[in-house]
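K.L.:
Supplied structure: query.cif, mmCIF, C-alpha atoms and all ligand atoms.
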data_final
loop_
_atom_site.label_atom_id
_atom_site.label_comp_id
_atom_site.auth_asym_id
_atom_site.auth_seq_id
_atom_site.Cartn_x
_atom_site.Cartn_y
_atom_site.Cartn_z
CA MET P 3 0.00 0.00 0.00
CA LYS P 4 1.22 3.50 -0.81
CA ILE P 5 -0.16 6.78 0.45
CA TYR P 6 0.85 10.42 0.06
CA GLU P 7 0.56 11.91 3.54
CA GLN P 8 0.45 15.60 2.60
CA THR P 9 -3.08 17.00 2.47
CA GLU P 10 -4.10 17.96 -1.04
CA LEU P 11 -5.90 21.27 -1.47
CA ASP P 12 -8.96 22.49 -3.30
CA PHE P 13 -10.07 26.05 -4.05
CA LYS P 14 -12.18 26.11 -0.89
CA ASP P 15 -9.17 25.30 1.30
CA VAL P 16 -7.36 28.58 0.64
CA LEU P 17 -7.80 32.33 0.58
CA VAL P 18 -5.40 34.83 -0.92
CA LYS P 19 -3.26 37.29 1.00
CA PRO P 20 -3.75 40.95 0.05
CA LYS P 21 -0.50 42.78 -0.60
CA ARG P 22 0.74 46.31 -0.81
CA SER P 23 -0.03 47.51 -4.27
CA PHE P 24 0.92 50.47 -6.41
CA ILE P 25 -2.25 50.10 -8.44
CA ASN P 26 -4.82 52.78 -7.65
CA SER P 27 -7.70 51.59 -9.77
CA ARG P 28 -8.96 48.32 -11.19
CA SER P 29 -8.95 49.94 -14.61
CA GLU P 30 -5.14 50.07 -14.52
CA VAL P 31 -4.64 46.30 -14.70
CA GLU P 32 -4.08 44.37 -17.93
CA ILE P 33 -6.35 41.33 -17.96
CA THR P 34 -5.09 39.89 -21.21
CA ARG P 35 -1.70 38.36 -21.84
CA GLU P 36 0.22 37.28 -24.90
CA TYR P 37 0.32 33.50 -25.07
CA LYS P 38 3.43 32.01 -26.68
CA PHE P 39 3.45 28.26 -27.07
CA LYS P 40 6.02 25.49 -27.03
CA TRP P 41 5.15 24.02 -30.42
CA CYS P 42 2.59 26.23 -32.14
CA PRO P 43 4.37 29.20 -33.73
CA ARG P 44 1.39 31.56 -33.40
CA LYS P 45 0.89 34.02 -30.56
CA ILE P 46 -2.53 34.80 -29.13
CA VAL P 47 -3.55 37.72 -26.94
CA GLY P 48 -6.39 36.80 -24.60
CA THR P 49 -7.78 36.24 -21.13
CA GLY P 50 -7.39 32.52 -20.61
CA ILE P 51 -10.96 31.71 -19.72
CA ILE P 52 -12.52 28.86 -21.73
CA SER P 53 -16.04 27.53 -21.91
CA ALA P 54 -15.87 23.74 -21.74
CA ASN P 55 -16.53 21.48 -24.71
CA MET P 56 -19.74 20.22 -23.19
CA ALA P 57 -22.91 20.00 -25.26
CA THR P 58 -24.66 23.00 -23.73
CA VAL P 59 -21.77 25.45 -23.34
CA GLY P 60 -19.26 24.45 -26.04
CA THR P 61 -21.62 25.88 -28.64
CA PHE P 62 -21.43 28.34 -31.56
CA GLU P 63 -23.66 30.75 -29.69
CA VAL P 64 -21.45 30.75 -26.59
CA ALA P 65 -18.30 30.96 -28.75
CA LYS P 66 -19.44 34.20 -30.36
CA HIS P 67 -19.81 35.84 -26.95
CA MET P 68 -16.53 34.49 -25.57
CA MET P 69 -14.55 35.79 -28.54
CA GLN P 70 -15.87 39.30 -28.04
CA ASN P 71 -14.12 39.35 -24.66
CA LYS P 72 -10.92 37.74 -25.98
CA MET P 73 -11.95 34.60 -24.10
CA PHE P 74 -11.99 31.10 -25.54
CA CYS P 75 -14.58 28.47 -26.38
CA CYS P 76 -13.84 24.80 -26.85
CA LEU P 77 -16.58 23.56 -29.19
CA HIS P 78 -18.10 20.20 -28.33
CA LYS P 79 -17.35 17.27 -30.60
CA HIS P 80 -20.90 16.44 -31.65
CA TYR P 81 -21.34 19.06 -34.37
CA PRO P 82 -21.44 17.61 -37.91
CA VAL P 83 -18.40 18.64 -39.92
CA GLU P 84 -20.53 20.75 -42.31
CA ASP P 85 -21.79 22.87 -39.39
CA LEU P 86 -18.27 23.35 -38.07
CA ILE P 87 -17.03 24.40 -41.51
CA LYS P 88 -19.87 26.86 -41.91
CA PHE P 89 -19.15 28.37 -38.51
CA ILE P 90 -15.39 28.71 -38.94
CA THR P 91 -15.74 30.19 -42.44
CA GLU P 92 -18.32 32.75 -41.32
CA ASN P 93 -16.60 33.75 -38.06
CA ASP P 94 -13.00 34.54 -37.24
CA CYS P 95 -12.14 31.47 -35.19
CA ARG P 96 -8.37 31.63 -35.50
CA ASP P 97 -7.59 32.76 -31.98
CA TYR P 98 -10.39 31.94 -29.59
CA VAL P 99 -12.03 28.73 -30.79
CA PHE P 100 -10.84 25.17 -30.17
CA LEU P 101 -12.20 22.16 -32.08
CA SER P 102 -12.54 19.01 -29.98
CA MET P 103 -11.72 15.45 -30.83
CA GLY P 104 -11.72 12.17 -28.96
CA LEU P 105 -10.04 8.92 -29.94
CA ARG P 106 -12.63 7.77 -32.47
CA ASP P 107 -11.72 7.49 -36.15
CA GLU P 108 -14.71 9.71 -37.05
CA ASP P 109 -13.30 12.47 -34.86
CA TYR P 110 -9.92 12.27 -36.55
CA ALA P 111 -11.47 12.32 -40.02
CA LYS P 112 -13.47 15.42 -39.15
CA ILE P 113 -10.49 17.36 -37.78
CA GLU P 114 -8.20 16.23 -40.59
CA LYS P 115 -10.70 17.47 -43.17
CA ILE P 116 -10.93 20.89 -41.54
CA LEU P 117 -7.17 21.27 -41.07
CA THR P 118 -6.36 20.25 -44.64
CA GLU P 119 -9.26 21.75 -46.60
CA TYR P 120 -9.65 24.97 -44.57
CA PRO P 121 -6.08 25.52 -43.40
CA ASP P 122 -6.40 29.15 -42.35
CA LYS P 123 -9.73 29.03 -40.49
CA CYS P 124 -9.17 27.30 -37.17
CA ARG P 125 -6.06 25.42 -36.09
CA ASN P 126 -6.67 25.10 -32.36
CA ILE P 127 -7.38 21.51 -31.44
CA CYS P 128 -8.35 19.92 -28.14
CA ILE P 129 -7.88 16.19 -27.73
CA ASP P 130 -10.29 15.43 -24.95
CA VAL P 131 -10.31 12.09 -23.21
CA PRO P 132 -11.44 11.91 -19.58
CA ASN P 133 -8.48 9.70 -18.75
CA ALA P 134 -5.39 10.79 -20.71
CA TYR P 135 -3.30 8.15 -18.96
CA ILE P 136 -4.18 5.57 -21.59
CA PRO P 137 -1.44 5.08 -24.22
CA ARG P 138 -3.61 5.95 -27.22
CA VAL P 139 -3.78 9.57 -26.09
CA LYS P 140 -0.05 10.08 -26.27
CA GLU P 141 0.05 8.25 -29.62
CA LEU P 142 -2.58 10.63 -30.99
CA VAL P 143 -0.64 13.67 -29.71
CA ILE P 144 2.48 12.45 -31.51
CA LYS P 145 0.50 11.77 -34.70
CA MET P 146 -1.23 15.15 -34.67
CA ARG P 147 2.03 17.04 -34.07
CA GLU P 148 3.76 15.13 -36.88
CA LYS P 149 0.96 15.65 -39.39
CA PHE P 150 0.09 19.23 -38.45
CA PRO P 151 3.22 20.78 -36.90
CA ASP P 152 1.76 24.28 -36.59
CA ILE P 153 -1.49 23.54 -34.74
CA LEU P 154 -2.17 24.78 -31.23
CA LEU P 155 -2.70 21.50 -29.41
CA MET P 156 -4.38 21.08 -26.05
CA VAL P 157 -4.79 17.62 -24.57
CA GLY P 158 -6.30 16.18 -21.41
CA ASN P 159 -7.09 15.23 -18.80
CA ALA P 160 -4.19 14.71 -16.42
CA VAL P 161 -3.49 15.55 -12.77
CA THR P 162 0.14 14.59 -12.26
CA ALA P 163 3.55 15.92 -13.28
CA GLU P 164 4.66 12.74 -15.09
CA LEU P 165 1.83 12.78 -17.59
CA VAL P 166 1.94 16.54 -18.09
CA GLU P 167 5.63 16.26 -18.94
CA ASP P 168 5.09 13.29 -21.21
CA LEU P 169 2.29 14.94 -23.19
CA ILE P 170 4.12 18.24 -23.62
CA LEU P 171 7.29 16.53 -24.77
CA SER P 172 5.19 14.45 -27.17
CA GLY P 173 3.76 17.54 -28.85
CA ALA P 174 1.09 19.18 -26.66
CA ASP P 175 1.20 22.94 -26.11
CA ILE P 176 -1.34 22.91 -23.28
CA VAL P 177 -2.30 20.06 -20.95
CA LYS P 178 -5.82 20.15 -19.59
CA CYS P 179 -5.71 19.24 -15.89
CA GLY P 180 -8.41 18.00 -13.58
CA ILE P 181 -9.99 14.64 -12.83
CA GLY P 182 -13.15 14.34 -10.86
CA SER P 183 -13.61 18.02 -10.03
CA GLY P 184 -16.32 18.81 -12.60
CA SER P 185 -19.75 19.90 -11.39
CA ALA P 186 -21.55 17.24 -13.44
CA CYS P 187 -18.93 14.58 -12.78
CA ILE P 188 -19.37 11.52 -10.60
CA THR P 189 -16.01 9.87 -11.31
CA ARG P 190 -14.91 10.29 -7.72
CA ARG P 191 -18.09 8.65 -6.47
CA ILE P 192 -17.95 5.63 -8.71
CA THR P 193 -14.18 5.08 -8.98
CA GLY P 194 -12.62 6.91 -6.04
CA VAL P 195 -10.12 8.47 -8.46
CA GLY P 196 -9.33 12.18 -8.55
CA ARG P 197 -7.19 14.94 -7.13
CA PRO P 198 -8.15 18.25 -5.51
CA GLN P 199 -7.92 20.97 -8.12
CA LEU P 200 -5.60 23.49 -6.46
CA SER P 201 -2.88 20.92 -5.74
CA THR P 202 -3.32 19.61 -9.29
CA ILE P 203 -2.65 23.10 -10.64
CA PHE P 204 0.41 23.66 -8.41
CA GLU P 205 2.12 20.48 -9.52
CA CYS P 206 1.08 20.45 -13.17
CA ALA P 207 1.76 24.15 -13.83
CA ASP P 208 5.19 23.94 -12.26
CA THR P 209 6.11 20.98 -14.43
CA ALA P 210 4.62 22.42 -17.62
CA HIS P 211 6.25 25.82 -17.23
CA GLY P 212 9.60 24.22 -16.59
CA ILE P 213 9.57 22.73 -20.09
CA GLY P 214 7.89 25.57 -21.99
CA GLY P 215 4.35 24.20 -21.85
CA MET P 216 1.15 25.45 -20.32
CA ILE P 217 -1.82 24.07 -18.42
CA CYS P 218 -5.54 24.61 -18.49
CA SER P 219 -7.26 24.04 -15.15
CA ASP P 220 -10.44 22.13 -15.98
CA GLY P 221 -13.39 21.89 -13.62
CA GLY P 222 -14.33 22.77 -10.08
CA VAL P 223 -14.98 26.51 -10.38
CA VAL P 224 -17.82 27.37 -8.01
CA TYR P 225 -17.17 31.08 -7.47
CA ILE P 226 -15.43 33.75 -9.55
CA GLY P 227 -12.80 33.80 -6.78
CA ASP P 228 -11.92 30.22 -7.79
CA ILE P 229 -10.92 31.45 -11.24
CA CYS P 230 -8.61 33.98 -9.56
CA LYS P 231 -7.18 31.25 -7.31
CA ALA P 232 -6.60 29.01 -10.34
CA PHE P 233 -4.60 31.72 -12.12
CA GLY P 234 -2.87 32.46 -8.81
CA ALA P 235 -1.81 28.82 -8.45
CA GLY P 236 -0.26 28.89 -11.93
CA ALA P 237 -2.97 27.95 -14.44
CA ASP P 238 -2.56 29.60 -17.85
CA PHE P 239 -6.15 28.84 -18.82
CA VAL P 240 -9.24 28.10 -16.74
CA MET P 241 -12.03 25.99 -18.24
CA MET P 242 -15.59 26.05 -16.97
CA GLY P 243 -18.73 24.13 -17.79
CA GLY P 244 -21.26 24.35 -14.98
CA PHE P 245 -20.48 28.00 -14.36
CA TYR P 246 -21.81 28.90 -17.82
CA ALA P 247 -24.57 26.30 -17.90
CA GLY P 248 -27.23 28.61 -16.51
CA CYS P 249 -26.61 31.51 -18.89
CA ASN P 250 -29.34 32.45 -21.35
CA GLU P 251 -27.15 31.57 -24.34
CA ALA P 252 -26.36 28.00 -23.19
CA ALA P 253 -28.14 25.37 -25.26
CA GLY P 254 -31.28 23.77 -23.89
CA ASP P 255 -34.83 24.72 -23.14
CA ILE P 256 -35.82 26.71 -20.11
CA ILE P 257 -37.70 24.64 -17.55
CA GLU P 258 -40.08 26.31 -15.12
CA ARG P 259 -40.67 24.85 -11.67
CA THR P 260 -43.31 26.05 -9.25
CA TYR P 261 -42.50 26.19 -5.54
CA LEU P 262 -44.58 26.91 -2.48
CA THR P 263 -43.47 29.98 -0.49
CA ASP P 264 -44.02 30.78 3.21
CA GLN P 265 -46.41 33.62 2.31
CA ILE P 266 -50.17 33.09 2.65
CA ASP P 267 -52.56 34.40 0.02
CA PRO P 268 -54.98 36.61 2.03
CA GLU P 269 -57.89 35.81 -0.27
CA THR P 270 -57.63 32.03 -0.43
CA GLY P 271 -55.70 31.32 2.74
CA ASN P 272 -53.40 29.05 0.71
CA ARG P 273 -49.60 29.30 0.56
CA MET P 274 -48.46 31.41 -2.40
CA THR P 275 -46.28 29.98 -5.13
CA THR P 276 -43.24 31.23 -7.01
CA VAL P 277 -41.88 30.12 -10.37
CA LYS P 278 -38.14 29.54 -10.87
CA GLN P 279 -36.42 28.96 -14.19
CA PHE P 280 -33.75 26.34 -14.87
CA LYS P 281 -31.70 24.83 -17.69
CA VAL P 282 -30.67 21.21 -17.99
CA PHE P 283 -26.92 20.56 -17.77
CA TYR P 284 -25.39 17.11 -18.11
CA GLY P 285 -22.00 15.46 -17.84
CA MET P 286 -20.58 14.33 -21.16
CA SER P 287 -19.94 10.85 -19.76
CA SER P 288 -23.43 10.53 -18.33
CA GLU P 289 -25.90 7.95 -19.56
CA TYR P 290 -28.06 10.86 -20.71
CA ALA P 291 -25.22 12.13 -22.96
CA GLN P 292 -24.48 8.64 -24.27
CA ASN P 293 -28.12 8.23 -25.27
CA LYS P 294 -28.33 11.69 -26.79
CA HIS P 295 -25.06 11.79 -28.74
CA TYR P 296 -24.15 8.13 -29.29
CA HIS P 297 -26.14 4.92 -29.49
CA GLY P 298 -26.67 4.46 -25.78
CA MET P 299 -24.36 3.33 -23.02
CA PRO P 300 -21.94 0.50 -23.96
CA LYS P 301 -22.27 -2.52 -21.62
CA TYR P 302 -18.67 -2.27 -20.37
CA ARG P 303 -19.10 1.34 -19.18
CA ALA P 304 -20.76 2.97 -16.19
CA SER P 305 -22.18 6.46 -16.25
CA GLU P 306 -19.56 8.95 -14.97
CA GLY P 307 -21.70 12.04 -15.17
CA ARG P 308 -25.00 13.33 -13.93
CA VAL P 309 -27.88 15.46 -15.09
CA VAL P 310 -28.72 18.60 -13.12
CA GLU P 311 -31.10 21.50 -13.44
CA VAL P 312 -29.19 24.76 -12.96
CA PRO P 313 -30.93 28.06 -12.15
CA LEU P 314 -31.09 30.51 -15.06
CA LYS P 315 -28.40 33.16 -14.49
CA GLY P 316 -28.98 35.74 -17.23
CA PRO P 317 -26.90 36.87 -20.22
CA ILE P 318 -23.43 35.43 -20.69
CA ASP P 319 -22.01 38.91 -21.40
CA LYS P 320 -23.01 39.98 -17.91
CA MET P 321 -21.37 36.85 -16.45
CA ASN P 322 -18.18 37.54 -18.33
CA GLN P 323 -18.23 41.13 -17.21
CA ASP P 324 -18.53 39.91 -13.60
CA ILE P 325 -15.66 37.48 -14.12
CA LEU P 326 -13.41 40.16 -15.57
CA GLY P 327 -14.44 42.57 -12.80
CA GLY P 328 -13.55 39.96 -10.17
CA LEU P 329 -10.23 39.28 -11.84
CA ARG P 330 -9.38 42.98 -12.01
CA SER P 331 -10.20 43.38 -8.34
CA TYR P 332 -8.09 40.33 -7.45
CA MET P 333 -5.13 41.73 -9.36
CA THR P 334 -5.50 45.05 -7.55
CA TYR P 335 -5.54 43.26 -4.16
CA ILE P 336 -2.36 41.33 -4.87
CA GLY P 337 -0.53 44.08 -6.77
CA ALA P 338 -0.37 42.31 -10.14
CA ARG P 339 -0.46 44.80 -12.97
CA ARG P 340 -0.58 42.13 -15.71
CA LEU P 341 -2.39 38.79 -15.93
CA LYS P 342 0.99 37.24 -16.59
CA ASP P 343 2.20 38.37 -13.12
CA VAL P 344 -0.74 36.95 -11.17
CA SER P 345 0.86 33.70 -10.04
CA LYS P 346 4.09 35.29 -8.86
CA CYS P 347 2.11 37.88 -6.85
CA THR P 348 -0.14 35.26 -5.20
CA THR P 349 0.37 33.93 -1.68
CA PHE P 350 -2.26 31.58 -0.25
CA TYR P 351 -3.47 31.18 3.31
CA ARG P 352 -4.62 27.70 4.15
CA VAL P 353 -8.00 28.07 5.82
CA ASN P 354 -10.65 26.00 7.57
CA THR P 355 -13.53 28.25 6.56
CA GLN P 356 -13.77 30.17 3.34
CA LEU P 357 -17.11 31.96 3.52
CA ASN P 358 -19.58 33.39 5.99
CA THR P 359 -22.73 31.37 5.31
CA VAL P 360 -24.99 32.78 8.02
CA PHE P 361 -27.56 33.81 5.37
CA GLY P 362 -27.03 30.74 3.17
CA ASP P 363 -24.29 30.03 0.65
P1 LIG O 1 -17.22 22.33 -14.26
O1 LIG O 1 -16.73 23.64 -14.74
O2 LIG O 1 -18.63 22.07 -14.63
O3 LIG O 1 -16.96 22.14 -12.80
O4 LIG O 1 -16.33 21.22 -14.98
C1 LIG O 1 -16.29 21.09 -16.38
C2 LIG O 1 -15.48 19.87 -16.73
O5 LIG O 1 -16.07 18.67 -16.20
C3 LIG O 1 -15.39 19.57 -18.21
O6 LIG O 1 -14.53 20.42 -18.89
C4 LIG O 1 -14.93 18.12 -18.21
O7 LIG O 1 -13.54 17.99 -18.03
C5 LIG O 1 -15.61 17.56 -16.96
N1 LIG O 1 -16.77 16.74 -17.32
C6 LIG O 1 -17.79 17.04 -18.14
N2 LIG O 1 -18.68 16.05 -18.22
C7 LIG O 1 -18.23 15.07 -17.43
C8 LIG O 1 -18.70 13.76 -17.08
O8 LIG O 1 -19.77 13.30 -17.50
N3 LIG O 1 -17.90 13.03 -16.26
C9 LIG O 1 -16.73 13.51 -15.75
N4 LIG O 1 -16.00 12.72 -14.98
N5 LIG O 1 -16.27 14.74 -16.04
C10 LIG O 1 -17.00 15.51 -16.86
#
Is it possible to give me this structure as structure tokens?
P.N.:
Amino acid sequence: MKIYEQTELDFKDVLVKPKRSFINSRSEVEITREYKFKWCPRKIVGTGIISANMATVGTFEVAKHMMQNKMFCCLHKHYPVEDLIKFITENDCRDYVFLSMGLRDEDYAKIEKILTEYPDKCRNICIDVPNAYIPRVKELVIKMREKFPDILLMVGNAVTAELVEDLILSGADIVKCGIGSGSACITRRITGVGRPQLSTIFECADTAHGIGGMICSDGGVVYIGDICKAFGAGADFVMMGGFYAGCNEAAGDIIERTYLTDQIDPETGNRMTTVKQFKVFYGMSSEYAQNKHYHGMPKYRASEGRVVEVPLKGPIDKMNQDILGGLRSYMTYIGARRLKDVSKCTTFYRVNTQLNTVFGD
């Protein structure tokens, strides 16, 4: 039996120390940075926030809004190739859009067609496999880098230094890190596998940066402060699914649910009701997703995702404005003038309690 004795940390286990700052206003900070990659020769200026390649938030609609803020969108892999081609030829997807692929031959054929027939439209690729520890992932990274040397290549998911190093040296520019931390994920419940997200970022970012690579922290953002903590811990990109799932622009119908309130209707004497609006959000490894996007759940697999109804949160532009506002404020607190400086200006306190929940969470 082997066990690592040191306690691993999540976003909720830390707060950030405020520091003397020479920044007088939040408007003085630079929330974009220039990304230079290990293998891809292009440079991109952006704020490294990415909507996840999940069916409801990795959509064309969400992508259009993310791009406007110099943020990224990783499109889900279930769009037919014709739809992807139409989208990337009608919109400038060179910087802020990633196309996703898994290990299936159909996925490869789709990406190969786009990269060869539309070479100047979108060359940012995300190889997304929940468990990147299987050998076929590394083989695909090597193949993609050999065939398309100039692509920006993200691959995941990993949570340890060894795999991050291996994937970067095999041809990845960015390794997507996080296992079990997703809001619609049940991997930890059904397998016991996973690693707290903050410790994952510490270890993986340190390794990646040491060899010229980058990491994308994937999953586990509950509050905007968690995005700040992820950048503070060393993440170059932060990917979110559940956080965007309740925005108006996310795919899916609005569901209305009626609830009883504590107020009594004076005329009828009955308890009054209130209507709340929700959207359906589901894990991409859930049985629901398997039925919707494939031909049902294969017998050898168990569902590793769940279906939830998330409260409607309003327009995505407003959410992004809140995110950028939070990030600006964070940078002012820690004295980081540029996004690039955030991790070197961050010092964490380990805490037992993060929030005051006297009036609810
Ligand atoms: P969130 O921002 O919602 O906390 O996490 C989003 C991430 O959860 C995705 O980018 C992806 O890595 C992960 N994820 C999405 N669907 C599933 C699923 O069905 N099972 C598991 N284990 N992870 C999922």
K.L.:
With 7 Å as the cut-off and all atoms listed in the file counted, what is the closest atom pair between each nearby residue of chain P and ligand LIG 1 (chain O)? Distances in Å to one decimal, ordered by chain and number, as JSON lines.
P.N.:
{"residue": "P:Ala54", "atom": "CA", "partner": "O:LIG1", "partner_atom": "O6", "distance": 4.6}
{"residue": "P:Asn55", "atom": "CA", "partner": "O:LIG1", "partner_atom": "O6", "distance": 6.2}
{"residue": "P:Met56", "atom": "CA", "partner": "O:LIG1", "partner_atom": "C6", "distance": 6.3}
{"residue": "P:Pro132", "atom": "CA", "partner": "O:LIG1", "partner_atom": "N4", "distance": 6.5}
{"residue": "P:Gly180", "atom": "CA", "partner": "O:LIG1", "partner_atom": "O7", "distance": 6.8}
{"residue": "P:Ile181", "atom": "CA", "partner": "O:LIG1", "partner_atom": "N4", "distance": 6.7}
{"residue": "P:Gly182", "atom": "CA", "partner": "O:LIG1", "partner_atom": "N4", "distance": 5.3}
{"residue": "P:Ser183", "atom": "CA", "partner": "O:LIG1", "partner_atom": "O3", "distance": 6.0}
{"residue": "P:Gly184", "atom": "CA", "partner": "O:LIG1", "partner_atom": "O4", "distance": 3.4}
{"residue": "P:Ser185", "atom": "CA", "partner": "O:LIG1", "partner_atom": "O3", "distance": 3.8}
{"residue": "P:Ala186", "atom": "CA", "partner": "O:LIG1", "partner_atom": "C7", "distance": 5.6}
{"residue": "P:Cys187", "atom": "CA", "partner": "O:LIG1", "partner_atom": "C9", "distance": 3.8}
{"residue": "P:Ile188", "atom": "CA", "partner": "O:LIG1", "partner_atom": "N4", "distance": 5.7}
{"residue": "P:Thr189", "atom": "CA", "partner": "O:LIG1", "partner_atom": "N4", "distance": 4.6}
{"residue": "P:Asp220", "atom": "CA", "partner": "O:LIG1", "partner_atom": "O6", "distance": 5.3}
{"residue": "P:Gly221", "atom": "CA", "partner": "O:LIG1", "partner_atom": "O4", "distance": 3.3}
{"residue": "P:Gly222", "atom": "CA", "partner": "O:LIG1", "partner_atom": "O3", "distance": 3.8}
{"residue": "P:Val223", "atom": "CA", "partner": "O:LIG1", "partner_atom": "O3", "distance": 5.4}
{"residue": "P:Met241", "atom": "CA", "partner": "O:LIG1", "partner_atom": "O6", "distance": 6.1}
{"residue": "P:Met242", "atom": "CA", "partner": "O:LIG1", "partner_atom": "O1", "distance": 3.5}
{"residue": "P:Gly243", "atom": "CA", "partner": "O:LIG1", "partner_atom": "O1", "distance": 3.7}
{"residue": "P:Gly244", "atom": "CA", "partner": "O:LIG1", "partner_atom": "O2", "distance": 3.5}
{"residue": "P:Phe245", "atom": "CA", "partner": "O:LIG1", "partner_atom": "O1", "distance": 5.8}
{"residue": "P:Tyr284", "atom": "CA", "partner": "O:LIG1", "partner_atom": "N2", "distance": 6.8}
{"residue": "P:Gly285", "atom": "CA", "partner": "O:LIG1", "partner_atom": "O8", "distance": 3.1}
{"residue": "P:Met286", "atom": "CA", "partner": "O:LIG1", "partner_atom": "O8", "distance": 3.9}
{"residue": "P:Ser287", "atom": "CA", "partner": "O:LIG1", "partner_atom": "O8", "distance": 3.3}
{"residue": "P:Ser288", "atom": "CA", "partner": "O:LIG1", "partner_atom": "O8", "distance": 4.7}
{"residue": "P:Glu306", "atom": "CA", "partner": "O:LIG1", "partner_atom": "N3", "distance": 4.6}
{"residue": "P:Gly307", "atom": "CA", "partner": "O:LIG1", "partner_atom": "O8", "distance": 3.3}
{"residue": "P:Arg308", "atom": "CA", "partner": "O:LIG1", "partner_atom": "O8", "distance": 6.3}
K.L.:
Rounded to one decimal, what separation in Å do you get between atom CA of Val47 of chain P and atom CA of Asp94 of chain P?
P.N.:
14.3 Å
K.L.:
For Met73 of chain P, which residue out of P:Met156, P:Ile52, P:Ala57, P:Cys128 is the nearest one, using all atoms listed in the file?
P.N.:
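Result for the nearest residue to Met73 of chain P: P:Ile52.
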K.L.:
To one decimal place, how far is atom CA of Phe283 of chain P from atom CA of Ser305 of chain P in Å?
P.N.:
15.0 Å
K.L.:
In Å, with one decimal, what is the gap from atom CA of Gly254 of chain P to atom CA of Ile113 of chain P?
P.N.:
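Answer for the atom CA of Gly254 of chain P to atom CA of Ile113 of chain P separation: 25.8 Å.
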K.L.:
Of the candidates P:Lys4, P:Lys66, P:Arg22, P:Lys79, which one gets nearest to Asp319 of chain P if we count only C-alpha atoms?
P.N.:
P:Lys66
K.L.:
Using all atoms listed in the file, which residue out of P:Glu167, P:Asp152, P:Glu251, P:Asp264 lies closest to Met216 of chain P?
P.N.:
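When distances to Met216 of chain P are compared using all atoms listed in the file, the smallest one comes from P:Glu167.
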K.L.:
Can you work out which one of P:Trp41, P:Phe361, P:Tyr302, P:Tyr6 has the shortest atom-to-atom distance to Pro151 of chain P, counting only C-alpha atoms?
P.N.:
P:Trp41
K.L.:
List the spatial neighbours of Glu63 of chain P as an mmCIF file with C-alpha atoms, in the coordinates of the input - criterion: any atom at most 10 Å away, all atoms listed in the file, same-chain residues fewer than 5 positions off excluded.
P.N.:
data_model
loop_
_atom_site.group_PDB
_atom_site.id
_atom_site.type_symbol
_atom_site.label_atom_id
_atom_site.label_comp_id
_atom_site.auth_asym_id
_atom_site.auth_seq_id
_atom_site.Cartn_x
_atom_site.Cartn_y
_atom_site.Cartn_z
ATOM 1 C CA THR P 58 -24.660 23.000 -23.730
ATOM 2 C CA MET P 68 -16.530 34.490 -25.570
ATOM 3 C CA CYS P 75 -14.580 28.470 -26.380
ATOM 4 C CA GLU P 251 -27.150 31.570 -24.340
ATOM 5 C CA ALA P 252 -26.360 28.000 -23.190
ATOM 6 C CA ALA P 253 -28.140 25.370 -25.260
#
K.L.:
Between P:Arg340, P:Lys346, P:Arg259, P:Lys115, which one has atoms that come closest to Leu314 of chain P, using all atoms listed in the file?
P.N.:
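Under the stated criterion, the closest residue is P:Arg259.
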K.L.:
Quick one: everything within 12 Å of Pro43 of chain P, counting only C-alpha atoms, minus sequence neighbours fewer than 5 positions away in the same chain. Send it as a PDB file with C-alpha atoms, keeping the file's coordinate frame.
P.N.:
ATOM      1  CA  TYR P  37       0.320  33.500 -25.070  1.00  0.00           C
ATOM      2  CA  LYS P  38       3.430  32.010 -26.680  1.00  0.00           C
ATOM      3  CA  ARG P 125      -6.060  25.420 -36.090  1.00  0.00           C
ATOM      4  CA  ASN P 126      -6.670  25.100 -32.360  1.00  0.00           C
ATOM      5  CA  PHE P 150       0.090  19.230 -38.450  1.00  0.00           C
ATOM      6  CA  PRO P 151       3.220  20.780 -36.900  1.00  0.00           C
ATOM      7  CA  ASP P 152       1.760  24.280 -36.590  1.00  0.00           C
ATOM      8  CA  ILE P 153      -1.490  23.540 -34.740  1.00  0.00           C
ATOM      9  CA  LEU P 154      -2.170  24.780 -31.230  1.00  0.00           C
ATOM     10  CA  LEU P 155      -2.700  21.500 -29.410  1.00  0.00           C
ATOM     11  CA  ASP P 175       1.200  22.940 -26.110  1.00  0.00           C
TER      12      ASP P 175
END
K.L.:
Using only C-alpha atoms, which residue out of P:Glu258, P:Thr355, P:Ile318, P:Gly248 lies closest to Ala65 of chain P?
P.N.:
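Between P:Glu258, P:Thr355, P:Ile318, P:Gly248, the residue approaching Ala65 of chain P most closely is P:Ile318.
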